[in-house]
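Peer 1: Structure file protein03.cif (mmCIF, C-alpha atoms) right here:
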```cif
data_final
loop_
_atom_site.label_atom_id
_atom_site.label_comp_id
_atom_site.auth_asym_id
_atom_site.auth_seq_id
_atom_site.Cartn_x
_atom_site.Cartn_y
_atom_site.Cartn_z
CA MET H 1 136.62 157.58 144.42
CA ASN H 2 135.97 154.20 145.96
CA LEU H 3 138.63 151.71 145.06
CA ASN H 4 137.71 148.11 145.65
CA LEU H 5 138.04 144.54 144.40
CA THR H 6 136.87 145.62 140.94
CA MET H 7 140.46 146.58 140.30
CA LEU H 8 141.74 143.05 140.83
CA VAL H 9 139.10 141.51 138.60
CA GLN H 10 139.88 144.07 135.91
CA ALA H 11 143.59 143.21 136.21
CA GLY H 12 142.63 139.56 135.80
CA PHE H 13 140.67 140.39 132.64
CA PHE H 14 143.65 142.37 131.43
CA PHE H 15 146.13 139.52 131.69
CA LEU H 16 143.65 137.06 130.24
CA PHE H 17 142.90 139.30 127.27
CA VAL H 18 146.54 140.10 126.62
CA TRP H 19 147.41 136.42 126.67
CA PHE H 20 144.52 135.57 124.33
CA SER H 21 145.35 138.44 122.05
CA LYS H 22 148.99 137.39 121.85
CA VAL H 23 148.33 133.74 121.16
CA TYR H 24 145.19 133.81 119.03
CA VAL H 25 145.09 137.25 117.45
CA TRP H 26 148.47 138.88 117.09
CA THR H 27 150.57 135.90 116.07
CA PRO H 28 148.36 134.67 113.20
CA LEU H 29 147.72 138.18 111.91
CA ILE H 30 151.36 139.22 111.94
CA SER H 31 152.45 135.98 110.32
CA ALA H 32 149.82 136.48 107.59
CA LEU H 33 151.08 140.02 107.07
CA ASN H 34 154.69 138.92 106.88
CA GLU H 35 153.80 136.09 104.55
CA ARG H 36 152.02 138.49 102.25
CA LYS H 37 154.99 140.83 102.39
CA THR H 38 157.36 138.10 101.21
CA LYS H 39 154.81 137.01 98.61
CA ILE H 40 154.60 140.49 97.19
CA ALA H 41 158.36 140.87 97.23
CA ASP H 42 158.70 137.53 95.40
CA GLY H 43 156.06 138.57 92.92
CA LEU H 44 157.81 141.85 92.22
CA ALA H 45 161.15 140.12 91.81
CA ALA H 46 159.58 137.58 89.45
CA ALA H 47 157.96 140.36 87.46
CA GLU H 48 161.28 142.13 87.15
CA LYS H 49 162.96 138.92 86.10
CA GLY H 50 160.20 138.31 83.55
CA GLN H 51 160.66 141.80 82.21
CA ALA H 52 164.39 141.28 81.84
CA ALA H 53 163.78 137.95 80.11
CA GLU H 54 161.28 139.56 77.81
CA GLU H 55 163.73 142.31 76.98
CA GLU H 56 166.38 139.73 76.21
CA ALA H 57 164.00 137.69 74.09
CA ARG H 58 163.02 140.80 72.19
CA LYS H 59 166.67 141.62 71.50
CA GLU H 60 167.31 138.08 70.40
CA ALA H 61 164.29 138.12 68.13
CA GLU H 62 165.47 141.40 66.62
CA GLN H 63 168.85 139.90 65.97
CA VAL H 64 167.33 136.81 64.37
CA ILE H 65 165.09 138.96 62.21
CA ALA H 66 168.01 141.11 61.12
CA GLU H 67 170.01 138.04 60.26
CA ALA H 68 167.12 136.56 58.32
CA LYS H 69 166.66 139.81 56.43
CA ASN H 70 170.33 139.86 55.61
CA GLN H 71 170.24 136.29 54.44
CA ALA H 72 167.14 136.87 52.37
CA SER H 73 168.68 139.84 50.59
CA GLN H 74 171.80 137.83 49.99
CA ILE H 75 169.77 134.99 48.56
CA ILE H 76 167.91 137.39 46.31
CA ALA H 77 171.15 138.93 45.11
CA ASN H 78 172.58 135.48 44.42
CA ALA H 79 169.47 134.48 42.54
CA GLU H 80 169.59 137.63 40.48
CA LYS H 81 173.21 137.04 39.62
CA ARG H 82 172.53 133.43 38.81
CA GLY H 83 169.58 134.43 36.66
CA GLY H 84 171.82 136.76 34.67
CA VAL H 85 174.33 134.02 34.15
CA VAL H 86 171.66 131.58 33.00
CA VAL H 87 170.27 134.10 30.54
CA GLU H 88 173.75 134.80 29.20
CA GLU H 89 174.41 131.12 28.85
CA ALA H 90 171.11 130.60 27.07
CA LYS H 91 171.91 133.48 24.75
CA ALA H 92 175.31 132.03 23.94
CA THR H 93 173.89 128.56 23.34
CA ALA H 94 171.17 129.96 21.16
CA SER H 95 173.57 131.98 19.02
CA SER H 96 175.98 129.09 18.55
CA GLU H 97 173.09 126.81 17.66
CA LYS H 98 171.91 129.42 15.19
CA GLU H 99 175.32 129.55 13.60
CA ARG H 100 175.49 125.81 13.47
CA ILE H 101 172.08 125.57 11.84
CA ILE H 102 172.99 128.26 9.33
CA ALA H 103 176.26 126.55 8.52
CA SER H 104 174.65 123.19 7.98
CA ALA H 105 171.98 124.75 5.81
CA GLN H 106 174.64 126.49 3.73
CA ALA H 107 176.57 123.26 3.34
CA GLU H 108 173.43 121.47 2.21
CA VAL H 109 172.69 124.21 -0.29
CA GLU H 110 176.22 124.06 -1.64
CA GLN H 111 176.01 120.32 -1.95
CA ASP H 112 172.75 120.60 -3.83
CA VAL H 113 174.25 123.18 -6.14
CA HIS H 114 177.24 120.96 -6.76
CA LYS H 115 175.05 117.98 -7.41
CA ALA H 116 172.92 119.92 -9.82
CA ARG H 117 175.97 121.24 -11.60
CA GLU H 118 177.41 117.72 -11.88
CA SER H 119 174.27 116.30 -13.35
CA LEU H 120 173.98 119.27 -15.62
CA ARG H 121 177.54 118.78 -16.80
CA THR H 122 177.01 115.11 -17.55
CA GLN H 123 173.88 115.94 -19.39
CA VAL H 124 175.57 118.74 -21.35
CA SER H 125 178.50 116.51 -22.29
CA SER H 126 176.24 113.74 -23.45
CA ILE H 127 174.12 116.23 -25.35
CA ALA H 128 177.22 117.71 -26.84
CA VAL H 129 178.51 114.33 -27.77
CA ALA H 130 175.16 113.41 -29.22
CA ALA H 131 175.05 116.66 -31.10
CA ALA H 132 178.58 116.35 -32.25
CA GLY H 133 177.91 112.75 -33.18
CA LYS H 134 175.01 113.79 -35.21
CA ILE H 135 176.93 116.57 -36.92
CA ALA H 136 180.04 114.61 -37.55
CA ALA H 137 178.57 111.21 -37.90
CA LYS H 138 180.05 110.66 -41.19
CA GLU H 139 183.28 112.48 -41.17
CA ILE H 140 184.53 111.97 -37.64
CA ASP H 141 185.58 108.71 -36.19
CA GLU H 142 184.46 108.61 -32.66
CA SER H 143 187.54 106.95 -31.38
CA ALA H 144 189.81 109.13 -33.43
CA HIS H 145 188.34 112.26 -32.02
CA ALA H 146 188.01 111.00 -28.40
CA ASP H 147 190.78 113.34 -27.24
CA LEU H 148 188.96 116.30 -28.62
CA LEU H 149 185.74 115.32 -26.93
CA GLN H 150 187.45 114.73 -23.65
CA ASP H 151 188.92 118.17 -23.89
CA LEU H 152 185.54 119.59 -24.44
CA VAL H 153 184.09 117.80 -21.43
CA GLN H 154 186.90 119.07 -19.25
CA GLN H 155 186.28 122.61 -20.41
CA LEU H 156 182.70 122.26 -19.43
CA GLU H 157 183.59 120.98 -16.04
CA SER H 158 185.68 123.90 -15.19
CA MET Y 1 115.89 156.09 138.85
CA ALA Y 2 113.16 157.29 141.12
CA ALA Y 3 109.74 157.90 139.63
CA THR Y 4 109.64 161.50 140.79
CA ASN Y 5 111.69 164.06 138.95
CA PRO Y 6 115.15 164.13 140.51
CA THR Y 7 116.99 167.30 141.32
CA PRO Y 8 120.13 167.91 139.24
CA SER Y 9 122.41 166.83 142.07
CA GLU Y 10 120.42 163.63 142.57
CA PHE Y 11 120.57 163.00 138.85
CA ILE Y 12 124.34 163.46 138.76
CA ARG Y 13 124.91 161.36 141.84
CA HIS Y 14 122.70 158.68 140.41
CA HIS Y 15 124.70 158.61 137.21
CA LEU Y 16 127.98 158.49 139.03
CA THR Y 17 127.09 155.53 141.21
CA ASN Y 18 128.14 152.10 140.11
CA LEU Y 19 126.03 149.01 140.38
CA THR Y 20 127.88 147.58 143.35
CA TYR Y 21 127.88 144.03 144.63
CA GLY Y 22 129.69 143.53 147.88
CA GLN Y 23 129.74 142.81 151.57
CA HIS Y 24 127.38 144.88 153.67
CA PRO Y 25 128.71 146.08 157.02
CA ASP Y 26 126.61 143.37 158.66
CA GLY Y 27 128.57 140.70 156.82
CA SER Y 28 126.01 139.65 154.22
CA TRP Y 29 126.73 139.92 150.50
CA GLY Y 30 124.41 141.65 148.08
CA LEU Y 31 123.76 144.51 145.70
CA ALA Y 32 123.90 148.00 147.16
CA GLU Y 33 120.52 149.70 147.11
CA SER Y 34 121.89 153.23 147.50
CA ALA Y 35 125.07 155.20 147.03
CA GLN Y 36 125.50 155.24 150.82
CA GLN Y 37 125.27 151.45 151.02
CA ALA Y 38 127.78 151.15 148.21
CA ALA Y 39 130.18 153.47 150.00
CA ASP Y 40 129.76 151.50 153.24
CA MET Y 41 130.95 148.32 151.52
CA GLY Y 42 134.47 149.72 151.33
CA MET Y 43 137.04 147.53 149.67
CA MET Y 44 134.98 144.36 149.68
CA ALA Y 45 132.89 145.21 146.67
CA PHE Y 46 132.71 144.76 142.93
CA HIS Y 47 131.40 147.25 140.42
CA VAL Y 48 129.26 144.82 138.49
CA ASP Y 49 128.40 147.27 135.71
CA SER Y 50 132.01 148.33 135.04
CA LEU Y 51 133.22 144.76 135.04
CA PHE Y 52 130.32 143.59 132.90
CA TRP Y 53 130.85 146.22 130.20
CA SER Y 54 134.60 145.89 130.38
CA LEU Y 55 134.27 142.15 129.86
CA VAL Y 56 131.67 142.47 127.10
CA LEU Y 57 133.75 145.03 125.22
CA GLY Y 58 136.99 143.13 125.67
CA VAL Y 59 135.37 139.94 124.47
CA THR Y 60 133.81 141.81 121.54
CA PHE Y 61 137.21 143.08 120.53
CA LEU Y 62 138.84 139.68 120.87
CA TRP Y 63 135.98 137.93 119.11
CA VAL Y 64 136.11 140.27 116.10
CA PHE Y 65 139.88 140.09 115.84
CA ARG Y 66 139.96 136.35 116.48
CA SER Y 67 137.37 135.66 113.77
CA VAL Y 68 139.54 137.60 111.34
CA ALA Y 69 142.78 136.04 112.54
CA LYS Y 70 141.32 132.56 112.11
CA LYS Y 71 140.67 133.20 108.43
CA ALA Y 72 143.67 135.44 107.86
CA THR Y 73 145.31 134.67 104.56
CA ALA Y 74 148.43 135.99 102.96
CA GLY Y 75 146.36 136.35 99.79
CA GLU Y 76 143.88 139.03 98.97
CA PRO Y 77 142.37 140.29 102.24
CA GLY Y 78 138.64 140.83 102.68
CA MET Y 79 137.07 144.04 103.97
CA MET Y 80 137.19 143.01 107.61
CA GLN Y 81 140.72 141.66 107.34
CA ASN Y 82 141.82 144.89 105.73
CA PHE Y 83 140.41 146.86 108.62
CA VAL Y 84 141.95 144.63 111.26
CA GLU Y 85 145.29 144.59 109.46
CA TRP Y 86 145.21 148.34 109.30
CA ILE Y 87 144.91 148.52 113.10
CA VAL Y 88 147.50 145.80 113.62
CA GLU Y 89 150.01 147.57 111.38
CA PHE Y 90 149.32 150.88 113.09
CA ILE Y 91 150.08 149.29 116.47
CA ASP Y 92 153.07 147.46 115.06
CA ASP Y 93 154.50 150.73 113.73
CA ASN Y 94 154.07 152.40 117.09
CA VAL Y 95 155.68 149.53 118.96
CA ARG Y 96 158.58 149.43 116.52
CA GLY Y 97 158.97 153.17 116.88
CA SER Y 98 159.16 153.33 120.67
CA PHE Y 99 160.10 149.87 121.88
CA ARG Y 100 163.67 149.01 121.06
CA ALA Y 101 164.11 145.74 122.94
CA LYS Y 102 162.69 142.42 121.88
CA ASN Y 103 159.56 141.20 123.64
CA ASP Y 104 156.70 139.54 121.81
CA LEU Y 105 154.24 140.47 124.53
CA VAL Y 106 154.40 144.23 124.07
CA ALA Y 107 152.74 144.52 120.68
CA PRO Y 108 149.72 142.31 121.48
CA MET Y 109 149.41 144.13 124.80
CA ALA Y 110 149.41 147.48 123.03
CA LEU Y 111 146.79 146.22 120.57
CA THR Y 112 144.59 144.90 123.35
CA LEU Y 113 144.86 148.08 125.38
CA PHE Y 114 144.19 150.37 122.45
CA CYS Y 115 141.14 148.54 121.14
CA TRP Y 116 139.72 147.66 124.52
CA ILE Y 117 140.08 151.17 125.95
CA PHE Y 118 138.76 152.67 122.74
CA LEU Y 119 135.64 150.53 123.00
CA MET Y 120 135.21 151.32 126.70
CA ASN Y 121 135.56 155.03 125.98
CA PHE Y 122 133.20 154.67 123.05
CA MET Y 123 130.39 153.79 125.43
CA ASP Y 124 130.54 157.44 126.39
CA LEU Y 125 129.02 158.38 123.05
CA LEU Y 126 125.84 156.42 123.75
CA PRO Y 127 123.12 158.69 125.13
CA VAL Y 128 123.56 158.86 128.92
CA GLU Y 129 120.10 157.65 129.83
CA VAL Y 130 119.46 154.86 127.32
CA LEU Y 131 121.24 151.87 128.81
CA PRO Y 132 120.66 152.71 132.51
CA ARG Y 133 116.93 153.11 131.82
CA ALA Y 134 116.88 149.86 129.88
CA ALA Y 135 118.71 148.10 132.72
CA GLU Y 136 116.23 149.42 135.21
CA PHE Y 137 113.25 148.53 133.02
CA PHE Y 138 114.31 144.99 132.10
CA PHE Y 139 116.35 143.89 135.09
CA GLY Y 140 115.29 146.27 137.85
CA LEU Y 141 118.84 147.48 138.37
CA HIS Y 142 118.95 150.84 140.13
CA PHE Y 143 122.40 151.88 139.06
CA GLN Y 144 124.23 151.51 135.83
CA LYS Y 145 127.44 153.19 134.73
CA ILE Y 146 128.07 152.04 131.23
CA VAL Y 147 131.47 153.64 130.60
CA PRO Y 148 134.00 151.39 132.34
CA SER Y 149 136.84 153.86 131.84
CA THR Y 150 135.05 156.43 134.03
CA ASP Y 151 135.55 154.00 136.88
CA PRO Y 152 138.98 154.47 138.52
CA ASN Y 153 138.95 150.80 139.46
CA ILE Y 154 139.06 149.90 135.81
CA THR Y 155 141.79 152.35 134.87
CA PHE Y 156 143.86 151.45 137.93
CA GLY Y 157 143.30 147.78 137.15
CA LEU Y 158 144.92 148.38 133.77
CA GLY Y 159 147.53 150.89 134.90
CA LEU Y 160 148.71 148.80 137.85
CA SER Y 161 148.84 145.68 135.70
CA VAL Y 162 151.10 147.49 133.28
CA PHE Y 163 153.12 148.75 136.27
CA GLY Y 164 153.39 145.19 137.53
CA LEU Y 165 154.69 144.03 134.18
CA MET Y 166 157.09 146.95 134.17
CA LEU Y 167 158.51 145.96 137.56
CA TYR Y 168 158.64 142.32 136.48
CA TYR Y 169 160.60 143.07 133.32
CA SER Y 170 162.82 145.60 135.10
CA LEU Y 171 163.84 142.94 137.60
CA LYS Y 172 164.15 140.28 134.92
CA ILE Y 173 166.24 142.31 132.49
CA LYS Y 174 168.36 144.40 134.83
CA GLY Y 175 168.46 142.06 137.77
CA PRO Y 176 167.67 143.21 141.34
CA ILE Y 177 170.99 145.00 141.64
CA GLY Y 178 170.70 146.76 138.31
CA PHE Y 179 167.19 147.86 139.12
CA ALA Y 180 168.24 149.08 142.57
CA ALA Y 181 171.15 150.95 141.01
CA GLU Y 182 168.78 152.59 138.60
CA LEU Y 183 166.68 153.77 141.52
CA THR Y 184 169.57 155.03 143.66
CA MET Y 185 172.42 156.18 141.40
CA HIS Y 186 170.45 158.85 139.57
CA PRO Y 187 170.00 161.72 138.93
CA PHE Y 188 172.88 162.82 141.23
CA GLU Y 189 176.10 161.06 140.39
CA ALA Y 190 179.48 161.29 142.04
CA LYS Y 191 182.87 159.68 141.78
CA ASN Y 192 183.59 160.10 145.47
CA PRO Y 193 182.32 156.95 147.33
CA LEU Y 194 181.23 158.91 150.38
CA LEU Y 195 179.30 161.38 148.28
CA LYS Y 196 177.81 158.47 146.39
CA VAL Y 197 176.45 156.96 149.58
CA LEU Y 198 175.15 160.34 150.69
CA PHE Y 199 173.30 160.75 147.40
CA ILE Y 200 171.55 157.38 147.66
CA PRO Y 201 168.59 158.50 149.80
CA VAL Y 202 168.08 161.65 147.75
CA ASN Y 203 168.24 159.76 144.50
CA PHE Y 204 166.00 157.05 145.80
CA PHE Y 205 163.39 159.56 146.89
CA LEU Y 206 163.37 161.29 143.50
CA GLU Y 207 163.42 158.10 141.48
CA PHE Y 208 160.83 156.42 143.66
CA VAL Y 209 158.44 159.33 143.27
CA SER Y 210 158.90 159.29 139.54
CA LEU Y 211 158.42 155.51 139.48
CA ILE Y 212 155.26 155.61 141.57
CA SER Y 213 153.87 158.55 139.65
CA LYS Y 214 153.95 156.50 136.45
CA PRO Y 215 151.06 154.09 137.15
CA ILE Y 216 149.11 156.80 138.96
CA SER Y 217 149.33 159.35 136.18
CA HIS Y 218 148.81 156.59 133.62
CA SER Y 219 145.56 155.48 135.24
CA LEU Y 220 144.30 158.87 136.36
CA ARG Y 221 144.84 160.50 132.99
CA LEU Y 222 142.45 158.08 131.31
CA PHE Y 223 140.01 158.16 134.22
CA GLY Y 224 140.04 161.95 134.47
CA ASN Y 225 139.48 162.58 130.81
CA MET Y 226 136.68 160.10 130.51
CA TYR Y 227 135.07 161.13 133.79
CA ALA Y 228 135.09 164.78 132.75
CA GLY Y 229 133.67 163.93 129.36
CA GLU Y 230 130.93 161.83 130.88
CA MET Y 231 130.16 164.62 133.35
CA ILE Y 232 129.66 167.08 130.51
CA PHE Y 233 127.27 164.69 128.78
CA ILE Y 234 125.34 164.37 132.05
CA LEU Y 235 125.21 168.14 132.50
CA ILE Y 236 124.00 168.66 128.95
CA SER Y 237 121.30 166.05 129.44
CA ILE Y 238 120.22 167.75 132.68
CA MET Y 239 119.94 170.96 130.74
CA PHE Y 240 117.39 169.71 128.30
CA SER Y 241 115.56 167.40 130.60
CA SER Y 242 114.82 170.34 132.90
CA LEU Y 243 113.18 172.51 130.31
CA SER Y 244 111.86 171.35 126.96
CA ALA Y 245 112.70 174.73 125.40
CA TRP Y 246 116.36 173.77 125.73
CA ILE Y 247 115.97 170.68 123.57
CA LEU Y 248 117.40 172.23 120.40
CA VAL Y 249 120.29 173.91 122.13
CA GLY Y 250 120.92 170.85 124.26
CA GLY Y 251 120.77 168.60 121.21
CA ALA Y 252 123.21 170.80 119.35
CA LEU Y 253 125.57 170.87 122.33
CA GLN Y 254 125.27 167.14 122.75
CA PHE Y 255 126.18 166.68 119.10
CA VAL Y 256 129.13 169.09 119.20
CA TRP Y 257 130.49 167.54 122.39
CA ALA Y 258 130.03 164.04 120.97
CA VAL Y 259 131.96 164.96 117.84
CA PHE Y 260 134.72 166.47 119.93
CA HIS Y 261 134.60 163.46 122.20
CA ILE Y 262 135.32 161.11 119.30
CA LEU Y 263 138.72 162.75 119.22
CA ILE Y 264 139.16 162.47 122.98
CA ILE Y 265 138.24 158.81 123.27
CA THR Y 266 140.61 157.86 120.47
CA LEU Y 267 143.35 160.08 121.78
CA GLN Y 268 143.07 158.74 125.32
CA ALA Y 269 143.16 155.15 124.12
CA PHE Y 270 146.19 156.02 122.02
CA ILE Y 271 147.96 157.81 124.87
CA PHE Y 272 147.38 154.91 127.23
CA MET Y 273 148.81 152.55 124.66
CA VAL Y 274 151.84 154.70 123.86
CA LEU Y 275 152.65 155.19 127.55
CA THR Y 276 152.43 151.45 128.04
CA ILE Y 277 154.91 150.93 125.24
CA VAL Y 278 157.22 153.62 126.61
CA TYR Y 279 157.10 152.18 130.15
CA MET Y 280 157.85 148.73 128.81
CA ASP Y 281 160.74 150.17 126.84
CA MET Y 282 162.10 151.79 130.03
CA ALA Y 283 161.81 148.47 131.80
CA HIS Y 284 163.87 146.82 129.05
CA ASP Y 285 166.36 149.67 128.77
CA ASN Y 286 169.42 148.09 130.32
CA HIS Y 287 172.17 150.64 130.14
CA ALA Y 288 174.90 149.76 132.58
CA HIS Y 289 175.61 152.52 135.12
#
```
Represent the supplied structure as C-alpha cells.

Peer 2:
Amino acid sequence: MNLNLTMLVQAGFFFLFVWFSKVYVWTPLISALNERKTKIADGLAAAEKGQAAEEEARKEAEQVIAEAKNQASQIIANAEKRGGVVVEEAKATASSEKERIIASAQAEVEQDVHKARESLRTQVSSIAVAAAGKIAAKEIDESAHADLLQDLVQQLES
Amino acid sequence: MAATNPTPSEFIRHHLTNLTYGQHPDGSWGLAESAQQAADMGMMAFHVDSLFWSLVLGVTFLWVFRSVAKKATAGEPGMMQNFVEWIVEFIDDNVRGSFRAKNDLVAPMALTLFCWIFLMNFMDLLPVEVLPRAAEFFFGLHFQKIVPSTDPNITFGLGLSVFGLMLYYSLKIKGPIGFAAELTMHPFEAKNPLLKVLFIPVNFFLEFVSLISKPISHSLRLFGNMYAGEMIFILISIMFSSLSAWILVGGALQFVWAVFHILIITLQAFIFMVLTIVYMDMAHDNHAH
C-alpha cells in the first residue's frame, strides 16, 4: 500500500467536484423539484376548488330548475283555471244572447199577429158595414143606426 | 504486459501496479517502468491512472447532471431529468433522514460521493484486461489500474477530505472548547473535579482513537471491498487464461461474480455516502456537556 501525492490531488478533485455539484447541479435541481412540488400542490388545490364550485353550481342549477318547474306548473294551473272561466263566461253570454234573440223574435211575431188582427178587424168591420149597408140600404138610416154598428165593431175587436 | 506468458503471480502483480509518475531516487521525474521503480519513488509520486479515471468519471457525472440541471424545469420532466431527479430525491431523503442540522453543503457532497464512487466502482465490471491492453497498445503504457477505488490513495483522498470537513465543522459549530470537551469529558463522567481531571487522559485516549478510526475505517472499507472484488476478477481471469478448457466455467464464474458485484459496488458507494452524512451530523451535533 503505497500512499503518495495521489491522495492530495484526489482531495483537490473532491473539493472541486463538491463545490461544482453544489453550485451548478444540486441547487438548480432541488429548486426545480420544489417548484414542481408547489405547482402540483397549487394544481390540486385549484382542482378541489373547481370541484367545489362545480358542486355548488350544480346545486344552484337544480334549485333553479325546480323553481322553474314549479312556476311552469303554476302557470299551467292558472291557465287551466282561466280557460274554465272563459268557457263559462262564453257559455253565459251565449245563453243570454240566445234568450235575447228568442225574446225579440217572439215580440216581432206578436207584433205581426197584432197587426194582422188589426187589419183583419178593419176589413171585417168595413165588410160588415158594407154588407149591412147592402142589406139594410133601404130601411136603415146609416146615421140612425151608427150606435148599433159601433157596437158591432167593438164586439169584433174584442 | 510482457510478450511472454506471465506466471500468475506476475499477472497479479502487474494488475495491481499503478501507472506511476514521480521522482526517481536520482532526482529526475518520470514514469515508473517497473513495480520496483514505482515503490522506490515513495511519497513523491502520482498514480496517473487512478487520477485520470477518477477525474474522467467525476467529470462524466458532473457533466451528465449539469446538462440536466441546466434544462431542469418544474414542468413535465424528460427521461433523463426523471432519472437524475430520482437520484437527487434518493440522496435528499437520506440526508434528511440522518442529518439534523442545517448545512447546504452536505446534500450535494453526498450526491457527488455516491455517484462518483459508484462510477469508480463500476469500472470493476469492465473485463480486467480490456482497458490495460488498449492502453498498452495505443499509448505504450505498461501499467493501468482502471478502478480508482481499488487505490487506497483515492479512498483516503476522499475519506480524509470528509474527515477534514468534519473537523472544520466541529470546530466551527462547537468552538475549540466545545470540541475539546467532547474529546475529554466522555465516556467517563464525574461530578468530583479531581476525578474529572483524572478522567481526562483516559477519555481523550478513547475518544481520540474513535475519532481517528473514523476516516481510516471509512476509507479502508471502500478500498478493501473494491480491492477484494478486483482481486477475484483477476483470479478468475487467470483461471481461464491458463487453460482454454476453463473458459466456460471461468465465464460463468465471471458472470456470477459480476452480478454479485453490482450489489457490492452500489452498496459500497451507498455506505460511503451514508457514513459521510453521519459524520457530518456528528460534527454538527452540538449538545452542551

Peer 1: Could you tell me which residues the PyMOL selection byres ((chain H and resi 25) around 9) returns for this structure, as an MDAnalysis selection string?

Peer 2: (chainID H and resid 20:24 26:30) or (chainID Y and resid 62 65:70 108)

Peer 1: If the PyMOL selection byres ((chain Y) within 6 of (chain H)) were run on this exact file, what residues would it hold? Put them as a list in words.

Peer 2: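 Written out, the selection comes to Met43, Ala45, Phe46, His47, Arg66, Ala69, Thr73, Ala74, Pro108, Met109, Asn153, Ile154, Gly157, Leu158 and Ser161 of chain Y.
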
Peer 1: With a distance cut-off of 12 Å and all atoms listed in the file, select the neighbouring residues of Trp86 in chain Y, excluding the residue or stretch itself and same-chain residues fewer than 3 positions from it, and output the selection as a PyMOL selection string.

Peer 2: (chain H and resi 29-30+33) or (chain Y and resi 65+77-83+89-93+111)

Peer 1: Need the shell around range 213-221 of chain Y: protein/DNA/RNA residues with any atom at most 7 Å away, counting only C-alpha atoms. Skip same-chain ones fewer than 4 positions apart. Format as a PyMOL selection string?

Peer 2: chain Y and resi 155-156+159-160+163+209+225+272

Peer 1: Dump C-alpha atoms for the selected residues as a PDB file, in the frame of the given file?

Peer 2:
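The file below, part-v9.pdb, is the result:
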```pdb
ATOM      1  CA  THR Y 155     141.790 152.350 134.870  1.00  0.00           C
ATOM      2  CA  PHE Y 156     143.860 151.450 137.930  1.00  0.00           C
ATOM      3  CA  GLY Y 159     147.530 150.890 134.900  1.00  0.00           C
ATOM      4  CA  LEU Y 160     148.710 148.800 137.850  1.00  0.00           C
ATOM      5  CA  PHE Y 163     153.120 148.750 136.270  1.00  0.00           C
ATOM      6  CA  VAL Y 209     158.440 159.330 143.270  1.00  0.00           C
ATOM      7  CA  ASN Y 225     139.480 162.580 130.810  1.00  0.00           C
ATOM      8  CA  PHE Y 272     147.380 154.910 127.230  1.00  0.00           C
TER       9      PHE Y 272
END
```

Peer 1: As an exercise, work out the distance from CA of Lys69 in chain H to CA of Gly84 in chain H in Å and give it to one decimal place.

Peer 2: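 Atom-to-atom, CA of Lys69 in chain H and CA of Gly84 in chain H are spaced 22.6 Å apart.
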
Peer 1: Please evaluate the PyMOL selection byres ((chain H and resi 156) around 10) against the displayed coordinates and give the resulting residues as a PDB file with C-alpha atoms, in the coordinates of the input.

Peer 2:
```pdb
ATOM      1  CA  LEU H 120     173.980 119.270 -15.620  1.00  0.00           C
ATOM      2  CA  ARG H 121     177.540 118.780 -16.800  1.00  0.00           C
ATOM      3  CA  THR H 122     177.010 115.110 -17.550  1.00  0.00           C
ATOM      4  CA  VAL H 124     175.570 118.740 -21.350  1.00  0.00           C
ATOM      5  CA  SER H 125     178.500 116.510 -22.290  1.00  0.00           C
ATOM      6  CA  GLN H 150     187.450 114.730 -23.650  1.00  0.00           C
ATOM      7  CA  ASP H 151     188.920 118.170 -23.890  1.00  0.00           C
ATOM      8  CA  LEU H 152     185.540 119.590 -24.440  1.00  0.00           C
ATOM      9  CA  VAL H 153     184.090 117.800 -21.430  1.00  0.00           C
ATOM     10  CA  GLN H 154     186.900 119.070 -19.250  1.00  0.00           C
ATOM     11  CA  GLN H 155     186.280 122.610 -20.410  1.00  0.00           C
ATOM     12  CA  GLU H 157     183.590 120.980 -16.040  1.00  0.00           C
ATOM     13  CA  SER H 158     185.680 123.900 -15.190  1.00  0.00           C
TER      14      SER H 158
END
```

Peer 1: To one decimal place, how far is CA of Val162 in chain Y from CA of Thr276 in chain Y in Å?

Peer 2: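 One can read the CA of Val162 in chain Y to CA of Thr276 in chain Y distance as 6.7 Å.
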